Amino acid sequence: MSTLAGMDPFYLDRRRFLLSVGAAACGTLLPFRPLLARTQRRKIRLAGSIYVGWMPWFLADEDGTLRRVGAEFGLDLEFVRADYAETITLFAGGAVDAVVMTNIDAVPAVASAGVDADVLLVGSFSDGNDAIMLRPGVGDDLRGKTLGLVEYSVSHYLLDRHLEQARIPFDAVKWVNVADSAMAATFVSPSAGIDGVVTWNPIVDEIETRHGGRRLADSRSVRREIADMLVMNRRTLRDVPEAATALLSVWFEIAARMRARPAELHDVLGRLSGADGSSYARQLEQTIFIGAPELAASTLRDPALRATAQRIRAFVERHRLLSSTPSRALISFAGEEPALLNFNPIPLERAIATNFRPALAGAR
Amino acid sequence: MTPLTGAFLRQRWLGLVPLLAACACYLAFVYWHAASVPNSRIFPTLPTLWEGARWAVEPLPVRGGRPLVVDTAASLQRLAAGLAIAGALALVLVLTFERSPKVRALLFPSVVVLAKLPMVAILPLMLVWLGPGEFAKLVLVVVGILPAMTLYLADESDRQEEALRAKLMTLALPVWQEIVFVRLAMMLPFFLLALQSALGPAWLYLLVGETFGTDAGLGYRIFLLRARLWMDITIIYVIWISVLAVGAYYGIEWIRRRTQWTWG
């Protein structure tokens, strides 16, 4: 070791130098400690956005139910929050294993991404939660008007169905794409150049109560057509079947709590969505909420879903949401050859049969 | 280092005038607006802003934890990690450039091009390829500030190279001592300057990255508040972020001034 005149030999000791550098490097790794601790169990990610029918997942994430039930099943359940369109992108890109979305959005998502997906649960039907809101002073006739919405989404489907029912030609109404988080701001801003928006709760409630929005039409006119579903990647379902049981167990546990203590749960769920208890209760009235397991199982086998599937196919074709004609069928139901999007009641029925308990180790 | 005395401030009071004028204009408009729309959350008056500040320090439902505290901790942690990793990588790159002209010829043109790219454009790619977790956010910040920092430091090291060359040859130090005690030492003030310049973009990419896949963070909270049009709390958060950003900048400035004479 050489010595520089006047310099403290401590700095020149290579071992101590390397040790201190190593310690500093380890220090920068400290923020990642929680990440490393959880890699033992298989990670299952569920993506969700803020919508009245999906607030139970937010609650499960916040109060630890998701983590606890995941641990019971030997899984690491993670809930990922984002804008609605982003959650679908995450699912289509394989970054998350499951997502909560509507039937209308599920079809183009799985078709364009080529991801085989199974619908495990229809958690609710929108019965007024999706609405066409008009700015104050705008007349009822939509001809020539411009509306903001998340393009090619459930809002777009609602608009098309309303135009069908009102016998207005589709191209008589203009629309612009707006992200759901920007919807309220776009509605309020006078320079946005729009006459209204088509969106969902809690933004609909927000616009209606606080920004003078008027409801022109909503999903009550298309009853039981807009289904809010839990969709899982078929490959994940095949590799990790207990993931389905775990997620379903979480859902029905929160649903049971909502039945037992409605006022308290509505308050919590409302505040989680950035509103309050009365607002959430109001929104829940506009939802056909499926909280009982047997009802959920029979809903998945409901033949009415087939009729809606036809309408969804027509919607997808009209807007050319599929880049090419898919080689396989788009939608299938129980008992059929699984298509790209398969309504699969088997995991739910099996979960009900085993009372939502994890399977014994080794048994499949 | 000029001390922050009364005389110092009294001589510079004019600097505060634009800020006070902006606040005055805002308050004037807001109180005029409040005549027609009382209790507006989009153009909040001072009492509404106070309520908003109260919301930010009251515990959240279910999980507990005060929003401002939880969000600041999460965001600062990500920012610090991003700055540290980008800074370390930039130093490693520049030191490698100095020692190896081949590596420099290989990587330097890419660095120059990347420094001109707006990294926000790669956000959708990051979202899909890297998923929604912490790693993607970190990569976003690091990739956002690394090229510019490397470019700046490489420039500085080029400028110093001439003066250093003769001195290093006379000293004849072992490689690691040359790197640590001469090159890094000479680089330190400029490294801190690079960090200061990188702070702006780092905040940007941090806030943008926090709009998905997280449940705590300043960017996440602002994104959520925007969807509800709760501008009162948003303004509180914006003021707080400004304080943090300016504080971080002047924090690094303080360190720089303190260490500059040592390495001088």
# chains A, B, ... in the order shown; residues from 1 in each chain; ligands from 1

call {"tool": "interface_residues", "arguments": {"of": "chain A", "to": "chain B", "cutoff": "8 Å", "atoms": "only C-alpha atoms", "output": "MDAnalysis selection string"}}
result
chainID A and resid 2 12 28 31 59 62:63 80:83 86 89:90 93:96 180:185 203 206 268 271:272 274

call {"tool": "write_last_selection", "arguments": {"atoms": "N, CA, C and O atoms", "output": "compact mmCIF listing (two decimals), in the first residue's frame"}}
result
# COMPACT_ATOMS: atom_id res chain seq x y z
N SER A 2 0.61 2.13 -0.92
CA SER A 2 1.39 3.36 -0.95
C SER A 2 0.77 4.36 0.02
O SER A 2 -0.39 4.25 0.40
N LEU A 12 -6.77 4.65 3.01
CA LEU A 12 -6.03 3.87 2.04
C LEU A 12 -6.12 2.38 2.33
O LEU A 12 -5.58 1.58 1.59
N THR A 28 -28.71 1.14 0.30
CA THR A 28 -29.63 1.54 -0.77
C THR A 28 -30.61 0.44 -1.11
O THR A 28 -31.62 0.68 -1.75
N PRO A 31 -34.83 -0.05 0.91
CA PRO A 31 -36.23 0.17 0.49
C PRO A 31 -36.86 -1.04 -0.16
O PRO A 31 -38.07 -1.16 -0.20
N LEU A 59 -61.63 -2.60 -0.27
CA LEU A 59 -61.73 -2.81 1.17
C LEU A 59 -60.90 -4.02 1.58
O LEU A 59 -60.18 -3.98 2.57
N GLU A 62 -57.37 -3.01 1.71
CA GLU A 62 -57.01 -2.08 2.78
C GLU A 62 -57.00 -2.74 4.14
O GLU A 62 -56.12 -2.47 4.96
N ASP A 63 -57.99 -3.60 4.43
CA ASP A 63 -58.06 -4.11 5.80
C ASP A 63 -57.37 -5.46 5.96
O ASP A 63 -57.51 -6.10 6.99
N VAL A 80 -53.90 -4.42 -7.53
CA VAL A 80 -53.23 -3.33 -8.24
C VAL A 80 -54.27 -2.30 -8.66
O VAL A 80 -55.26 -2.64 -9.30
N ARG A 81 -54.05 -1.05 -8.28
CA ARG A 81 -55.03 -0.02 -8.64
C ARG A 81 -54.54 0.81 -9.81
O ARG A 81 -53.38 1.16 -9.88
N ALA A 82 -55.44 1.14 -10.69
CA ALA A 82 -55.09 2.01 -11.81
C ALA A 82 -56.38 2.52 -12.44
O ALA A 82 -57.47 2.17 -12.00
N ASP A 83 -56.24 3.33 -13.48
CA ASP A 83 -57.37 3.74 -14.30
C ASP A 83 -57.97 2.51 -14.96
O ASP A 83 -57.26 1.54 -15.22
N GLU A 86 -56.22 1.26 -18.00
CA GLU A 86 -54.91 0.71 -17.69
C GLU A 86 -55.00 -0.66 -17.08
O GLU A 86 -54.15 -1.52 -17.32
N THR A 89 -55.29 -2.96 -19.86
CA THR A 89 -54.00 -3.11 -20.53
C THR A 89 -53.09 -4.04 -19.74
O THR A 89 -52.40 -4.89 -20.32
N LEU A 90 -53.09 -3.88 -18.42
CA LEU A 90 -52.25 -4.73 -17.58
C LEU A 90 -52.64 -6.19 -17.75
O LEU A 90 -51.79 -7.07 -17.84
N GLY A 93 -51.74 -7.49 -21.21
CA GLY A 93 -50.29 -7.64 -21.36
C GLY A 93 -49.71 -8.72 -20.46
O GLY A 93 -48.52 -8.98 -20.50
N GLY A 94 -50.55 -9.34 -19.64
CA GLY A 94 -50.07 -10.42 -18.79
C GLY A 94 -49.40 -9.95 -17.51
O GLY A 94 -48.84 -10.74 -16.76
N ALA A 95 -49.46 -8.65 -17.24
CA ALA A 95 -48.80 -8.16 -16.03
C ALA A 95 -49.61 -8.50 -14.78
O ALA A 95 -49.06 -8.53 -13.68
N VAL A 96 -50.92 -8.71 -14.93
CA VAL A 96 -51.74 -9.15 -13.80
C VAL A 96 -52.49 -10.40 -14.23
O VAL A 96 -52.73 -10.63 -15.42
N ASP A 180 -61.10 7.87 -17.64
CA ASP A 180 -62.11 7.98 -16.57
C ASP A 180 -61.69 8.91 -15.46
O ASP A 180 -62.53 9.55 -14.84
N SER A 181 -60.37 9.03 -15.22
CA SER A 181 -59.97 9.94 -14.15
C SER A 181 -60.10 11.40 -14.57
O SER A 181 -60.11 12.29 -13.73
N ALA A 182 -60.17 11.66 -15.86
CA ALA A 182 -60.30 13.04 -16.34
C ALA A 182 -61.74 13.39 -16.67
O ALA A 182 -62.03 14.51 -17.10
N MET A 183 -62.66 12.43 -16.45
CA MET A 183 -64.03 12.62 -16.92
C MET A 183 -64.71 13.79 -16.23
O MET A 183 -65.32 14.64 -16.86
N ALA A 184 -64.61 13.85 -14.91
CA ALA A 184 -65.29 14.92 -14.18
C ALA A 184 -64.75 16.27 -14.59
O ALA A 184 -65.49 17.24 -14.80
N ALA A 185 -63.42 16.34 -14.69
CA ALA A 185 -62.81 17.62 -15.08
C ALA A 185 -63.27 18.04 -16.46
O ALA A 185 -63.54 19.23 -16.71
N ILE A 203 -68.33 8.68 -10.51
CA ILE A 203 -68.26 9.99 -11.18
C ILE A 203 -69.66 10.48 -11.54
O ILE A 203 -69.95 11.68 -11.47
N GLU A 206 -71.14 12.04 -8.57
CA GLU A 206 -70.43 13.28 -8.34
C GLU A 206 -70.95 14.38 -9.25
O GLU A 206 -71.29 15.48 -8.82
N VAL A 268 -67.69 2.89 4.92
CA VAL A 268 -66.28 2.62 4.64
C VAL A 268 -66.03 2.55 3.13
O VAL A 268 -65.10 3.16 2.60
N ARG A 271 -66.15 5.94 1.58
CA ARG A 271 -64.99 6.78 1.82
C ARG A 271 -63.78 6.28 1.06
O ARG A 271 -62.93 7.06 0.63
N LEU A 272 -63.70 4.97 0.86
CA LEU A 272 -62.58 4.44 0.08
C LEU A 272 -62.65 4.91 -1.37
O LEU A 272 -61.63 5.05 -2.04
N GLY A 274 -63.71 7.75 -2.24
CA GLY A 274 -63.59 9.20 -2.27
C GLY A 274 -64.91 9.91 -2.14
O GLY A 274 -64.98 11.11 -2.34

call {"tool": "atom_distance", "arguments": {"atom1": "CA of Ala281 (chain A)", "atom2": "CA of Asn201 (chain A)"}}
result
11.6 Å

call {"tool": "closest_atom_pairs", "arguments": {"of": "region 62-169 of chain A", "to": "region 283-296 of chain A", "cutoff": "7 Å", "atoms": "only C-alpha atoms", "output": "CSV"}}
result
residue,atom,partner,partner_atom,distance
A:Leu121,CA,A:Ala296,CA,6.7
A:Val122,CA,A:Ala296,CA,6.5
A:Gly123,CA,A:Ile290,CA,5.2
A:Ser124,CA,A:Phe289,CA,4.4
A:Phe125,CA,A:Ile288,CA,4.9
A:Ser126,CA,A:Thr287,CA,5.0
A:Asp127,CA,A:Gln286,CA,4.8
A:Gly128,CA,A:Gln286,CA,4.6
A:Asn129,CA,A:Gln286,CA,5.5

call {"tool": "closest_residue", "arguments": {"among": "B:Ala198, B:Leu68, B:Ile145, B:Val17", "to": "Trp240 (chain B)", "atoms": "only C-alpha atoms"}}
result
B:Leu68

call {"tool": "residues_around", "arguments": {"residues": "region 150-167 of chain A", "least_positions_apart": "2", "cutoff": "6 Å", "atoms": "only C-alpha atoms", "output": "tab-separated table (two decimals) with C-alpha atoms, in the first residue's frame"}}
result
chain	number	residue	atom	x	y	z
A	104	ILE	CA	-68.32	-5.37	-23.06
A	105	ASP	CA	-64.69	-4.57	-22.41
A	177	ASN	CA	-62.06	9.76	-25.86
A	178	VAL	CA	-61.55	10.84	-22.23
A	179	ALA	CA	-59.82	8.81	-19.49
A	198	VAL	CA	-71.00	8.97	-20.67
A	199	THR	CA	-69.40	7.46	-17.61

call {"tool": "residues_around", "arguments": {"residues": "Trp203 (chain B)", "least_positions_apart": "2", "cutoff": "10 Å", "atoms": "only C-alpha atoms", "output": "MDAnalysis selection string"}}
result
chainID B and resid 75:76 78:79 141 198:201 205:209 219 241 245

call {"tool": "write_last_selection", "arguments": {"atoms": "all heavy atoms", "output": "CSV table (one decimal), in the first residue's frame"}}
result
chain,number,residue,atom,x,y,z
B,75,SER,N,-43.3,8.4,-1.6
B,75,SER,CA,-42.8,9.1,-2.8
B,75,SER,C,-41.3,9.4,-2.6
B,75,SER,O,-40.5,9.2,-3.5
B,75,SER,CB,-43.5,10.4,-3.0
B,75,SER,OG,-44.8,10.2,-3.6
B,76,LEU,N,-40.9,9.9,-1.4
B,76,LEU,CA,-39.5,10.2,-1.1
B,76,LEU,C,-38.6,9.0,-1.2
B,76,LEU,O,-37.5,9.1,-1.7
B,76,LEU,CB,-39.4,10.9,0.2
B,76,LEU,CG,-39.8,12.4,0.3
B,76,LEU,CD1,-39.5,13.0,1.6
B,76,LEU,CD2,-39.1,13.2,-0.8
B,78,ARG,N,-39.2,6.4,-3.1
B,78,ARG,CA,-39.0,6.1,-4.5
B,78,ARG,C,-38.0,7.0,-5.2
B,78,ARG,O,-37.1,6.7,-6.0
B,78,ARG,CB,-40.3,6.1,-5.3
B,78,ARG,CG,-41.2,5.0,-4.9
B,78,ARG,CD,-42.5,5.1,-5.7
B,78,ARG,NE,-43.4,4.1,-5.2
B,78,ARG,CZ,-44.7,4.4,-4.7
B,78,ARG,NH1,-45.1,5.6,-4.7
B,78,ARG,NH2,-45.4,3.4,-4.3
B,79,LEU,N,-38.2,8.3,-4.8
B,79,LEU,CA,-37.3,9.4,-5.4
B,79,LEU,C,-35.9,9.1,-5.0
B,79,LEU,O,-35.0,9.2,-5.9
B,79,LEU,CB,-37.8,10.7,-4.9
B,79,LEU,CG,-37.1,11.9,-5.6
B,79,LEU,CD1,-37.6,12.0,-7.1
B,79,LEU,CD2,-37.5,13.2,-4.9
B,141,VAL,N,-38.0,6.3,-13.4
B,141,VAL,CA,-37.3,7.4,-12.9
B,141,VAL,C,-35.8,7.3,-13.4
B,141,VAL,O,-35.2,8.3,-13.9
B,141,VAL,CB,-37.3,7.5,-11.4
B,141,VAL,CG1,-36.4,8.5,-10.8
B,141,VAL,CG2,-38.8,7.8,-11.0
B,198,ALA,N,-31.2,17.0,-12.2
B,198,ALA,CA,-32.0,15.8,-12.4
B,198,ALA,C,-33.3,15.8,-11.5
B,198,ALA,O,-34.2,15.0,-11.8
B,198,ALA,CB,-31.2,14.5,-12.2
B,199,LEU,N,-33.3,16.6,-10.5
B,199,LEU,CA,-34.4,16.6,-9.5
B,199,LEU,C,-35.7,16.9,-10.2
B,199,LEU,O,-36.7,16.2,-10.0
B,199,LEU,CB,-34.2,17.6,-8.4
B,199,LEU,CG,-33.6,17.1,-7.1
B,199,LEU,CD1,-33.5,18.3,-6.1
B,199,LEU,CD2,-34.4,16.0,-6.5
B,200,GLY,N,-35.7,17.9,-11.1
B,200,GLY,CA,-36.9,18.3,-11.8
B,200,GLY,C,-37.6,17.1,-12.6
B,200,GLY,O,-38.7,16.7,-12.3
B,201,PRO,N,-36.8,16.6,-13.6
B,201,PRO,CA,-37.4,15.4,-14.3
B,201,PRO,C,-37.7,14.2,-13.4
B,201,PRO,O,-38.6,13.5,-13.6
B,201,PRO,CB,-36.2,15.1,-15.3
B,201,PRO,CG,-35.4,16.3,-15.4
B,201,PRO,CD,-35.5,17.0,-14.1
B,205,TYR,N,-41.2,12.1,-13.5
B,205,TYR,CA,-41.4,10.7,-13.8
B,205,TYR,C,-41.9,10.0,-12.5
B,205,TYR,O,-42.7,9.0,-12.7
B,205,TYR,CB,-40.1,10.1,-14.2
B,205,TYR,CG,-39.5,10.7,-15.5
B,205,TYR,CD1,-38.3,11.2,-15.6
B,205,TYR,CD2,-40.4,10.8,-16.6
B,205,TYR,CE1,-37.8,11.8,-16.7
B,205,TYR,CE2,-39.9,11.3,-17.8
B,205,TYR,CZ,-38.6,11.9,-17.8
B,205,TYR,OH,-38.2,12.5,-19.0
B,206,LEU,N,-41.5,10.4,-11.4
B,206,LEU,CA,-42.0,9.8,-10.1
B,206,LEU,C,-43.6,10.0,-10.1
B,206,LEU,O,-44.3,9.1,-9.9
B,206,LEU,CB,-41.4,10.5,-8.9
B,206,LEU,CG,-42.0,10.1,-7.6
B,206,LEU,CD1,-41.6,8.7,-7.3
B,206,LEU,CD2,-41.6,11.0,-6.5
B,207,LEU,N,-44.0,11.3,-10.3
B,207,LEU,CA,-45.4,11.5,-10.1
B,207,LEU,C,-46.2,10.8,-11.2
B,207,LEU,O,-47.3,10.3,-11.0
B,207,LEU,CB,-45.7,13.1,-10.2
B,207,LEU,CG,-45.1,13.8,-9.0
B,207,LEU,CD1,-45.4,15.3,-9.2
B,207,LEU,CD2,-45.7,13.3,-7.7
B,208,VAL,N,-45.7,10.8,-12.4
B,208,VAL,CA,-46.4,10.1,-13.5
B,208,VAL,C,-46.4,8.6,-13.3
B,208,VAL,O,-47.4,8.0,-13.5
B,208,VAL,CB,-45.6,10.4,-14.9
B,208,VAL,CG1,-46.0,9.4,-15.9
B,208,VAL,CG2,-46.0,11.8,-15.3
B,209,GLY,N,-45.3,8.1,-12.8
B,209,GLY,CA,-45.3,6.6,-12.5
B,209,GLY,C,-46.2,6.2,-11.4
B,209,GLY,O,-46.7,5.1,-11.4
B,219,GLY,N,-48.1,11.3,-6.2
B,219,GLY,CA,-48.7,11.3,-7.5
B,219,GLY,C,-50.0,10.5,-7.5
B,219,GLY,O,-51.0,10.9,-8.2
B,241,ILE,N,-45.7,19.5,-2.3
B,241,ILE,CA,-44.7,19.0,-3.3
B,241,ILE,C,-43.7,20.1,-3.6
B,241,ILE,O,-42.5,19.8,-3.7
B,241,ILE,CB,-45.3,18.4,-4.5
B,241,ILE,CG1,-46.1,17.2,-4.2
B,241,ILE,CG2,-44.3,18.1,-5.6
B,241,ILE,CD1,-46.9,16.7,-5.4
B,245,ALA,N,-39.8,19.8,-3.1
B,245,ALA,CA,-38.9,19.9,-4.3
B,245,ALA,C,-37.8,21.0,-4.0
B,245,ALA,O,-36.6,20.8,-4.3
B,245,ALA,CB,-39.6,20.2,-5.6

call {"tool": "select_by_dssp", "arguments": {"residues": "region 44-228 of chain A", "states": "helix (DSSP H, G or I)", "output": "MDAnalysis selection string"}}
result
chainID A and resid 52:62 65:72 84:92 103:113 154:166 170:172 180:188 190:192 203:210 219:222

call {"tool": "atom_distance", "arguments": {"atom1": "CA of Arg301 (chain A)", "atom2": "CA of Ala255 (chain A)"}}
result
20.5 Å
